[in-house]
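Structure, as structure tokens:
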Amino acid sequence: LEKLFKRLPRKYHERVAFIEEEDDLIDDCKYMLYYSANYTDGECYGGSYPVKSITEAIDYIKNSLYQ
């Protein structure tokens with residue numbers, strides 16, 4: 001999470017609950033990005049999204065549907 005927050009603008013920090021490295025994810029993804037409850041709807045509460053890199057996570061957070 002620290003690595004992500006160093007590169008992610010502060011205004012987006014509260015969108016992220018945490019990010020962790022995981023094995024056996026789809027499409028060669030390396031991390032699982034978990035959303036904060038503030039930026040998900042009722043169906044996606046506690047939702048997550050697999051990402052290949054910190055850069056991809058930043059792009060996804062900035063352009064997420066729940067702005």
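Labeling convention for the structure tokens: chains A, B, ... as they appear, residues from 1 per chain, ligands from 1 in order of appearance.
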Q) Taking the backbone alone, and naming residues the way the document does, which bits of chain A are helix (DSSP H, G or I) by DSSP, as a ChimeraX atom specification? A) /A:2-7,10-15,26-28,37-39,42-44,54-62
Q.
Just list as a VMD selection string whatever in chain A DSSP marks as strand (DSSP E).
A. chain A and resid 16 to 21 31 to 35 48 to 51
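Proximity ranking of A:Ala37, A:Glu56, A:Asn63, A:Pro50 relative to Arg15 in chain A places A:Ala37 first, based on only C-alpha atoms.
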Q | Best match for closeness to Gly47 in chain A among A:Asp28, A:Phe18, A:Asp23, A:Glu2, counting only C-alpha atoms | A | A:Phe18
Q) Got a sec: who's within 12 Å of Lys52 in chain A, counting only C-alpha atoms, leaving out chain neighbours fewer than 6 positions off, as a list in words? A)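 Residues meeting the cut-off are Ile19, Glu20, Glu21, Glu22, Asp23, Asp24, Leu25, Ile26, Asp27, Asp28, Cys29, Lys30, Tyr31, Met32, Leu33, Ile58, Asp59 and Tyr60 of chain A.
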Q: Write out as a list in words the residues lying within 12 Å of Glu14 in chain A, counting only C-alpha atoms and excluding same-chain residues fewer than 4 positions away.
A: Leu1, Phe5, Leu8, Pro9, Arg10, Phe18, Tyr34, Tyr35, Ser36, Ala37, Asn38, Tyr39, Thr40, Ile61, Lys62 and Gln67 of chain A
